[in-house]
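A.B. asks: The structure under discussion is supplied below as structure tokens; questions concerning it will follow.
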Amino acid sequence: MNAFEPLLAGSPGLPKSNEGDPVFAEPWQAEAFAMTVRLHEKGVFSWSEWAEALSHELYKPGRKADASDYFDCWVAALSRLVTELSITSWDHLDHLTQSWQRAAEATPHGKPILLENDPQR
Amino acid sequence: MTSHSDDGDHHDHDHHDNHFSAVQARVKALETVLTQKGLIDPAAIDAIVDTYETKIGPRNGARVVAKAWSEPDFAGWLRSDATAAIASLGYTGRQGEHMRAVFNTPETHNLVVCTLCSCYPWSVLGLPPVWYKAPPYRSRAVIDPRGVLDEFGVTLPDTKKIRVWDSTAELRYIVIPERPFGTESLDQQALADLVTRDSMIGTGLAKSAGEAR
């Protein structure tokens with residue numbers, strides 16, 4: 001049993017365990033999944049809106065044959081949806097993405113990676 | 001960038017230990033924006049992620065532990081060269097990190113700290129618990145490991161020593177918990193089910209045979 005049945009139903013191809021739970025190859029995939037769950041719970045978008053955004057990415061040409069890019073598509077769909085809903089802009093999202101990359105590079109081992117660590121901020 | 005000339009026996013010192021792939025950074029960016037807009041709360045996200053703790057990453061470490069319990073030769077190899085022993089099972093870290101296995105014994109319990117940055121070997125150990133990344137845990141575990149373990153429900157006899165291991169950029173640890181009593185008849189797969197994530201970082205013990213199912 002899991003609490004996210006509707007999300008699972010609206011997300012064709014989601015990698016799942018034998019028990020039907022989603023499985024994640026890397027922690028960021030679970031974070032992307034969890035954010036999507038929360039946004040839906042808050043009523044930011046409906047499952048049909050989500051399913052449409054996700055399908056759009058999943059059926060783009062150039063997908064990997066082994067579907068290992070499933071969560072890349074997931075993140076692309078989520079990014080698209082939040083910009084279409086005017087929650088943020090692509091520019092701002094790209095800017096923040098680059099900032100997080102610089103922050104990670106600038107963070108010494110043993111310290112938490114924080115956005116403030118970006119030297120250009 | 002390679003202008004250092006006098007550190008000939010150190011390799012890769014220009015290598016950054018922390019690195020986000022484009023998609024990892026995008027996820028962080030989304031989290032930042034959505035948090036600022038009050039649409040998500042990082043604690044709520046962590047809570048959802050934590051429910052999938054056992055579904056993230058291959059948790060290969062449990063199989064490493066089960067093999068070490070069953071095969072003394074493998075245990076010996078793990079003790080002398082954990083990186084190679086673990087790699088022999090096809091499990092390699094993404095950054096080619098060195099692993100060291102520390103064995104719990106009746107006399108000594110091992111506890112691993114540090115996972116604040118991106119170098120936690122989750123491909124071997126699974127996802128770190130949310131609290132484990134918190135700075136207070138790290139500092140308290142060093143000062144008062146017995147007290148921290150007590151809070152996690154792990155009460156050790158006063159006579160048992162506790163060793164705390166702090167990962168470095170080059171070296172990551174896996175704790176080999178003590179094999180529970182009454183598990184002589186179990187095969188490696190059943191044994192692996194007893195090995196929790198927490199037992200491999202030392203904040204828990206392996207499950208007893210009775211707890212398995």
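Chain labels A, B, ... are given in the sequence in which chains occur in the structure tokens; within each chain residues are numbered consecutively from 1, and ligands are likewise numbered from 1 in the order shown.
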Please provide as a list in words all residues within 8 Å of stretch 81-90 of chain B, with the sequence filter that same-chain residues fewer than 5 positions apart are discarded (counting only C-alpha atoms).
C.D. replies: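 Using only C-alpha atoms, the neighbours found are Val64, Phe74, Glu97, His98, Met99, Arg100 and Ala101 of chain B.
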A.B. asks: Write the selection just made, keeping C-alpha atoms, as a compact mmCIF listing (two decimals), in the first residue's frame?
C.D. replies:
# COMPACT_ATOMS: atom_id res chain seq x y z
CA VAL B 64 28.28 -7.17 1.56
CA PHE B 74 35.47 -12.63 2.34
CA GLU B 97 36.03 6.40 -3.34
CA HIS B 98 37.93 4.14 -1.02
CA MET B 99 35.87 2.18 1.43
CA ARG B 100 36.95 0.88 4.77
CA ALA B 101 34.96 -1.73 6.68
A.B. asks: Identify all residues of stretch 62-198 of chain B in helix (DSSP H, G or I) (DSSP on the backbone) and supply them as a PyMOL selection string.
C.D. replies: chain B and resi 62-70+72-80+82-87+122-125+130-133+135-143+145-151+188-192+197-198
A.B. asks: Mind checking which residues fall within 7 Å of stretch 170-178 of chain B, counting only C-alpha atoms, ignoring those fewer than 2 positions away in the same chain, and posting them as a PyMOL selection string?
C.D. replies: chain B and resi 65+97-105+110+112+121+167-168+180+199-202+205-206
A.B. asks: Please produce a file of the residues just selected, as an mmCIF file, in the first residue's frame, where the atoms kept are N, CA and C atoms.
C.D. replies:
data_model
loop_
_atom_site.group_PDB
_atom_site.id
_atom_site.type_symbol
_atom_site.label_atom_id
_atom_site.label_comp_id
_atom_site.auth_asym_id
_atom_site.auth_seq_id
_atom_site.Cartn_x
_atom_site.Cartn_y
_atom_site.Cartn_z
ATOM 1 N N VAL B 65 27.520 -7.211 3.865
ATOM 2 C CA VAL B 65 27.551 -7.654 5.261
ATOM 3 C C VAL B 65 27.176 -9.137 5.356
ATOM 4 N N GLU B 97 35.568 6.167 -4.697
ATOM 5 C CA GLU B 97 36.029 6.402 -3.342
ATOM 6 C C GLU B 97 36.548 5.111 -2.711
ATOM 7 N N HIS B 98 37.436 5.279 -1.757
ATOM 8 C CA HIS B 98 37.931 4.137 -1.016
ATOM 9 C C HIS B 98 36.993 3.848 0.137
ATOM 10 N N MET B 99 36.726 2.573 0.334
ATOM 11 C CA MET B 99 35.869 2.177 1.432
ATOM 12 C C MET B 99 36.709 1.459 2.482
ATOM 13 N N ARG B 100 36.342 1.663 3.716
ATOM 14 C CA ARG B 100 36.953 0.881 4.770
ATOM 15 C C ARG B 100 35.835 0.254 5.592
ATOM 16 N N ALA B 101 35.966 -1.030 5.872
ATOM 17 C CA ALA B 101 34.959 -1.727 6.677
ATOM 18 C C ALA B 101 35.447 -1.784 8.115
ATOM 19 N N VAL B 102 34.599 -1.348 9.028
ATOM 20 C CA VAL B 102 34.940 -1.424 10.449
ATOM 21 C C VAL B 102 33.981 -2.412 11.099
ATOM 22 N N PHE B 103 34.543 -3.379 11.810
ATOM 23 C CA PHE B 103 33.759 -4.518 12.311
ATOM 24 C C PHE B 103 33.361 -4.306 13.769
ATOM 25 N N ASN B 104 32.079 -4.406 14.034
ATOM 26 C CA ASN B 104 31.637 -4.422 15.427
ATOM 27 C C ASN B 104 32.016 -5.763 16.053
ATOM 28 N N THR B 105 32.419 -5.702 17.311
ATOM 29 C CA THR B 105 32.778 -6.922 18.038
ATOM 30 C C THR B 105 32.106 -6.841 19.401
ATOM 31 N N ASN B 110 31.116 0.502 16.429
ATOM 32 C CA ASN B 110 31.587 1.554 15.527
ATOM 33 C C ASN B 110 30.434 2.427 15.066
ATOM 34 N N VAL B 112 29.629 5.839 12.426
ATOM 35 C CA VAL B 112 30.169 6.691 11.363
ATOM 36 C C VAL B 112 29.442 8.032 11.375
ATOM 37 N N PRO B 121 28.408 7.478 0.638
ATOM 38 C CA PRO B 121 28.374 6.372 -0.342
ATOM 39 C C PRO B 121 27.017 5.683 -0.376
ATOM 40 N N SER B 167 34.215 10.342 8.031
ATOM 41 C CA SER B 167 34.667 10.145 6.649
ATOM 42 C C SER B 167 35.531 11.312 6.195
ATOM 43 N N THR B 168 36.442 11.027 5.322
ATOM 44 C CA THR B 168 37.183 12.090 4.656
ATOM 45 C C THR B 168 36.804 12.056 3.187
ATOM 46 N N PRO B 180 23.564 -11.439 14.286
ATOM 47 C CA PRO B 180 22.652 -11.750 15.387
ATOM 48 C C PRO B 180 22.703 -13.235 15.750
ATOM 49 N N SER B 199 22.205 -0.002 10.751
ATOM 50 C CA SER B 199 23.245 -0.882 11.314
ATOM 51 C C SER B 199 24.565 -0.716 10.567
ATOM 52 N N MET B 200 24.507 -0.241 9.331
ATOM 53 C CA MET B 200 25.740 -0.080 8.549
ATOM 54 C C MET B 200 26.400 1.278 8.760
ATOM 55 N N ILE B 201 25.714 2.173 9.484
ATOM 56 C CA ILE B 201 26.385 3.408 9.886
ATOM 57 C C ILE B 201 26.571 3.435 11.397
ATOM 58 N N GLY B 202 26.100 2.398 12.054
ATOM 59 C CA GLY B 202 26.377 2.238 13.480
ATOM 60 C C GLY B 202 25.362 2.888 14.393
ATOM 61 N N LEU B 205 21.519 -1.659 15.298
ATOM 62 C CA LEU B 205 22.113 -2.989 15.251
ATOM 63 C C LEU B 205 21.378 -3.768 14.166
ATOM 64 N N ALA B 206 21.966 -4.874 13.750
ATOM 65 C CA ALA B 206 21.245 -5.734 12.799
ATOM 66 C C ALA B 206 19.993 -6.270 13.486
#
A.B. asks: Considering only C-alpha atoms, can you say which of B:Lys28, B:Arg140, B:Arg79, B:Lys207 comes closest to chain A?
C.D. replies: B:Lys28
A.B. asks: What gap, in Å, lies between atom CA of B:Thr51 and atom CA of B:Gln24?
C.D. replies: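 Atom CA of B:Gln24 lies 20.2 Å from atom CA of B:Thr51.
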A.B. asks: In stretch 15-199 of chain B, what's strand (DSSP E) per DSSP? Answer as a ChimeraX atom specification?
C.D. replies: /B:98-103,108-113,161-166,171-176
A.B. asks: Write out as a list in words which residues come within 9 Å of B:Gln188 when counting only C-alpha atoms, dropping same-chain ones fewer than 5 positions away.
C.D. replies: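 My list of contacting residues is Arg63, Ala66, Lys67, Trp69, Ser70 and Asp193 of chain B.
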A.B. asks: Within 12 Å of A:Glu52, counting only C-alpha atoms, which residues show up once you throw out same-chain ones fewer than 6 positions away? Write them as a PyMOL selection string, please.
C.D. replies: chain A and resi 10-12+45-46+58-59+74+77-78+80-81
A.B. asks: Please produce a file of the residues just selected, as a short mmCIF file (atom, residue, chain, number, x, y, z; two decimals), in the first residue's frame, where the atoms kept are all heavy atoms.
C.D. replies:
data_model
loop_
_atom_site.label_atom_id
_atom_site.label_comp_id
_atom_site.auth_asym_id
_atom_site.auth_seq_id
_atom_site.Cartn_x
_atom_site.Cartn_y
_atom_site.Cartn_z
N GLY A 10 -0.96 8.35 -12.56
CA GLY A 10 -0.78 9.42 -13.52
C GLY A 10 0.63 9.49 -14.08
O GLY A 10 0.97 10.43 -14.79
N SER A 11 1.46 8.53 -13.71
CA SER A 11 2.87 8.58 -14.11
C SER A 11 3.28 7.27 -14.78
O SER A 11 3.93 6.44 -14.17
CB SER A 11 3.75 8.84 -12.88
OG SER A 11 3.32 9.99 -12.20
N PRO A 12 2.87 7.08 -16.02
CA PRO A 12 3.16 5.82 -16.68
C PRO A 12 4.66 5.57 -16.78
O PRO A 12 5.43 6.50 -16.99
CB PRO A 12 2.55 6.00 -18.08
CG PRO A 12 2.43 7.48 -18.27
CD PRO A 12 2.22 8.06 -16.90
N PHE A 45 -1.46 21.67 -8.98
CA PHE A 45 -1.89 21.14 -10.28
C PHE A 45 -2.67 19.84 -10.06
O PHE A 45 -2.57 19.21 -9.02
CB PHE A 45 -0.73 20.93 -11.25
CG PHE A 45 0.47 20.22 -10.67
CD1 PHE A 45 0.42 18.87 -10.37
CD2 PHE A 45 1.66 20.92 -10.46
CE1 PHE A 45 1.53 18.21 -9.85
CE2 PHE A 45 2.78 20.27 -9.93
CZ PHE A 45 2.71 18.92 -9.63
N SER A 46 -3.42 19.48 -11.07
CA SER A 46 -4.22 18.25 -11.00
C SER A 46 -3.40 17.11 -11.60
O SER A 46 -2.39 17.34 -12.27
CB SER A 46 -5.51 18.42 -11.79
OG SER A 46 -5.18 18.53 -13.16
N LEU A 58 8.08 12.37 -21.82
CA LEU A 58 8.40 10.95 -22.03
C LEU A 58 8.36 10.56 -23.50
O LEU A 58 9.05 9.63 -23.91
CB LEU A 58 7.44 10.06 -21.23
CG LEU A 58 7.55 10.09 -19.71
CD1 LEU A 58 6.46 9.23 -19.07
CD2 LEU A 58 8.92 9.61 -19.24
N TYR A 59 7.52 11.25 -24.25
CA TYR A 59 7.38 10.85 -25.66
C TYR A 59 8.17 11.75 -26.60
O TYR A 59 8.00 11.70 -27.81
CB TYR A 59 5.88 10.78 -26.04
CG TYR A 59 5.22 9.67 -25.28
CD1 TYR A 59 4.35 9.94 -24.22
CD2 TYR A 59 5.52 8.33 -25.56
CE1 TYR A 59 3.78 8.91 -23.47
CE2 TYR A 59 4.95 7.30 -24.83
CZ TYR A 59 4.08 7.59 -23.79
OH TYR A 59 3.54 6.57 -23.06
N TRP A 74 11.06 13.46 -15.80
CA TRP A 74 10.20 13.88 -14.68
C TRP A 74 10.54 15.31 -14.27
O TRP A 74 9.67 16.17 -14.11
CB TRP A 74 10.42 12.90 -13.50
CG TRP A 74 9.52 13.13 -12.34
CD1 TRP A 74 9.55 14.20 -11.47
CD2 TRP A 74 8.45 12.28 -11.90
NE1 TRP A 74 8.57 14.06 -10.52
CE2 TRP A 74 7.88 12.90 -10.77
CE3 TRP A 74 7.93 11.06 -12.36
CZ2 TRP A 74 6.81 12.33 -10.07
CZ3 TRP A 74 6.87 10.50 -11.66
CH2 TRP A 74 6.32 11.14 -10.55
N ALA A 77 9.54 17.79 -16.83
CA ALA A 77 8.09 18.01 -16.80
C ALA A 77 7.71 18.92 -15.64
O ALA A 77 6.89 19.85 -15.79
CB ALA A 77 7.37 16.66 -16.68
N LEU A 78 8.32 18.70 -14.49
CA LEU A 78 8.01 19.52 -13.33
C LEU A 78 8.45 20.98 -13.57
O LEU A 78 7.72 21.92 -13.23
CB LEU A 78 8.69 18.93 -12.09
CG LEU A 78 8.34 19.57 -10.74
CD1 LEU A 78 6.85 19.52 -10.47
CD2 LEU A 78 9.10 18.87 -9.61
N ARG A 80 8.72 22.49 -16.43
CA ARG A 80 7.81 23.04 -17.42
C ARG A 80 6.49 23.46 -16.79
O ARG A 80 5.98 24.56 -17.04
CB ARG A 80 7.56 21.93 -18.42
CG ARG A 80 7.16 22.32 -19.78
CD ARG A 80 7.07 21.02 -20.56
NE ARG A 80 5.80 20.99 -21.26
CZ ARG A 80 5.64 21.53 -22.46
NH1 ARG A 80 6.66 22.12 -23.06
NH2 ARG A 80 4.48 21.50 -23.04
N LEU A 81 5.99 22.58 -15.94
CA LEU A 81 4.70 22.85 -15.32
C LEU A 81 4.77 24.08 -14.41
O LEU A 81 3.88 24.93 -14.45
CB LEU A 81 4.27 21.60 -14.54
CG LEU A 81 2.78 21.38 -14.27
CD1 LEU A 81 1.94 21.60 -15.53
CD2 LEU A 81 2.55 19.97 -13.72
#
A.B. asks: Define the interface residues of chain A facing chain B as those within 9 Å, counting only C-alpha atoms, and report them as a ChimeraX atom specification.
C.D. replies: /A:17,21-35,37-39,42,44,72,75-76,78-79,82,87-88,92-113,115
A.B. asks: In Å, rounded to a single decimal, give me how far atom CA of A:Glu41 is from atom CA of A:Glu84.
C.D. replies: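 Those two atoms sit 18.5 Å apart.
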A.B. asks: Have a look at atom CA of B:Ala209 and atom CA of B:Ala141 and let me know their distance in Å, one decimal.
C.D. replies: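 Computing it gives 28.5 Å between the two atoms.
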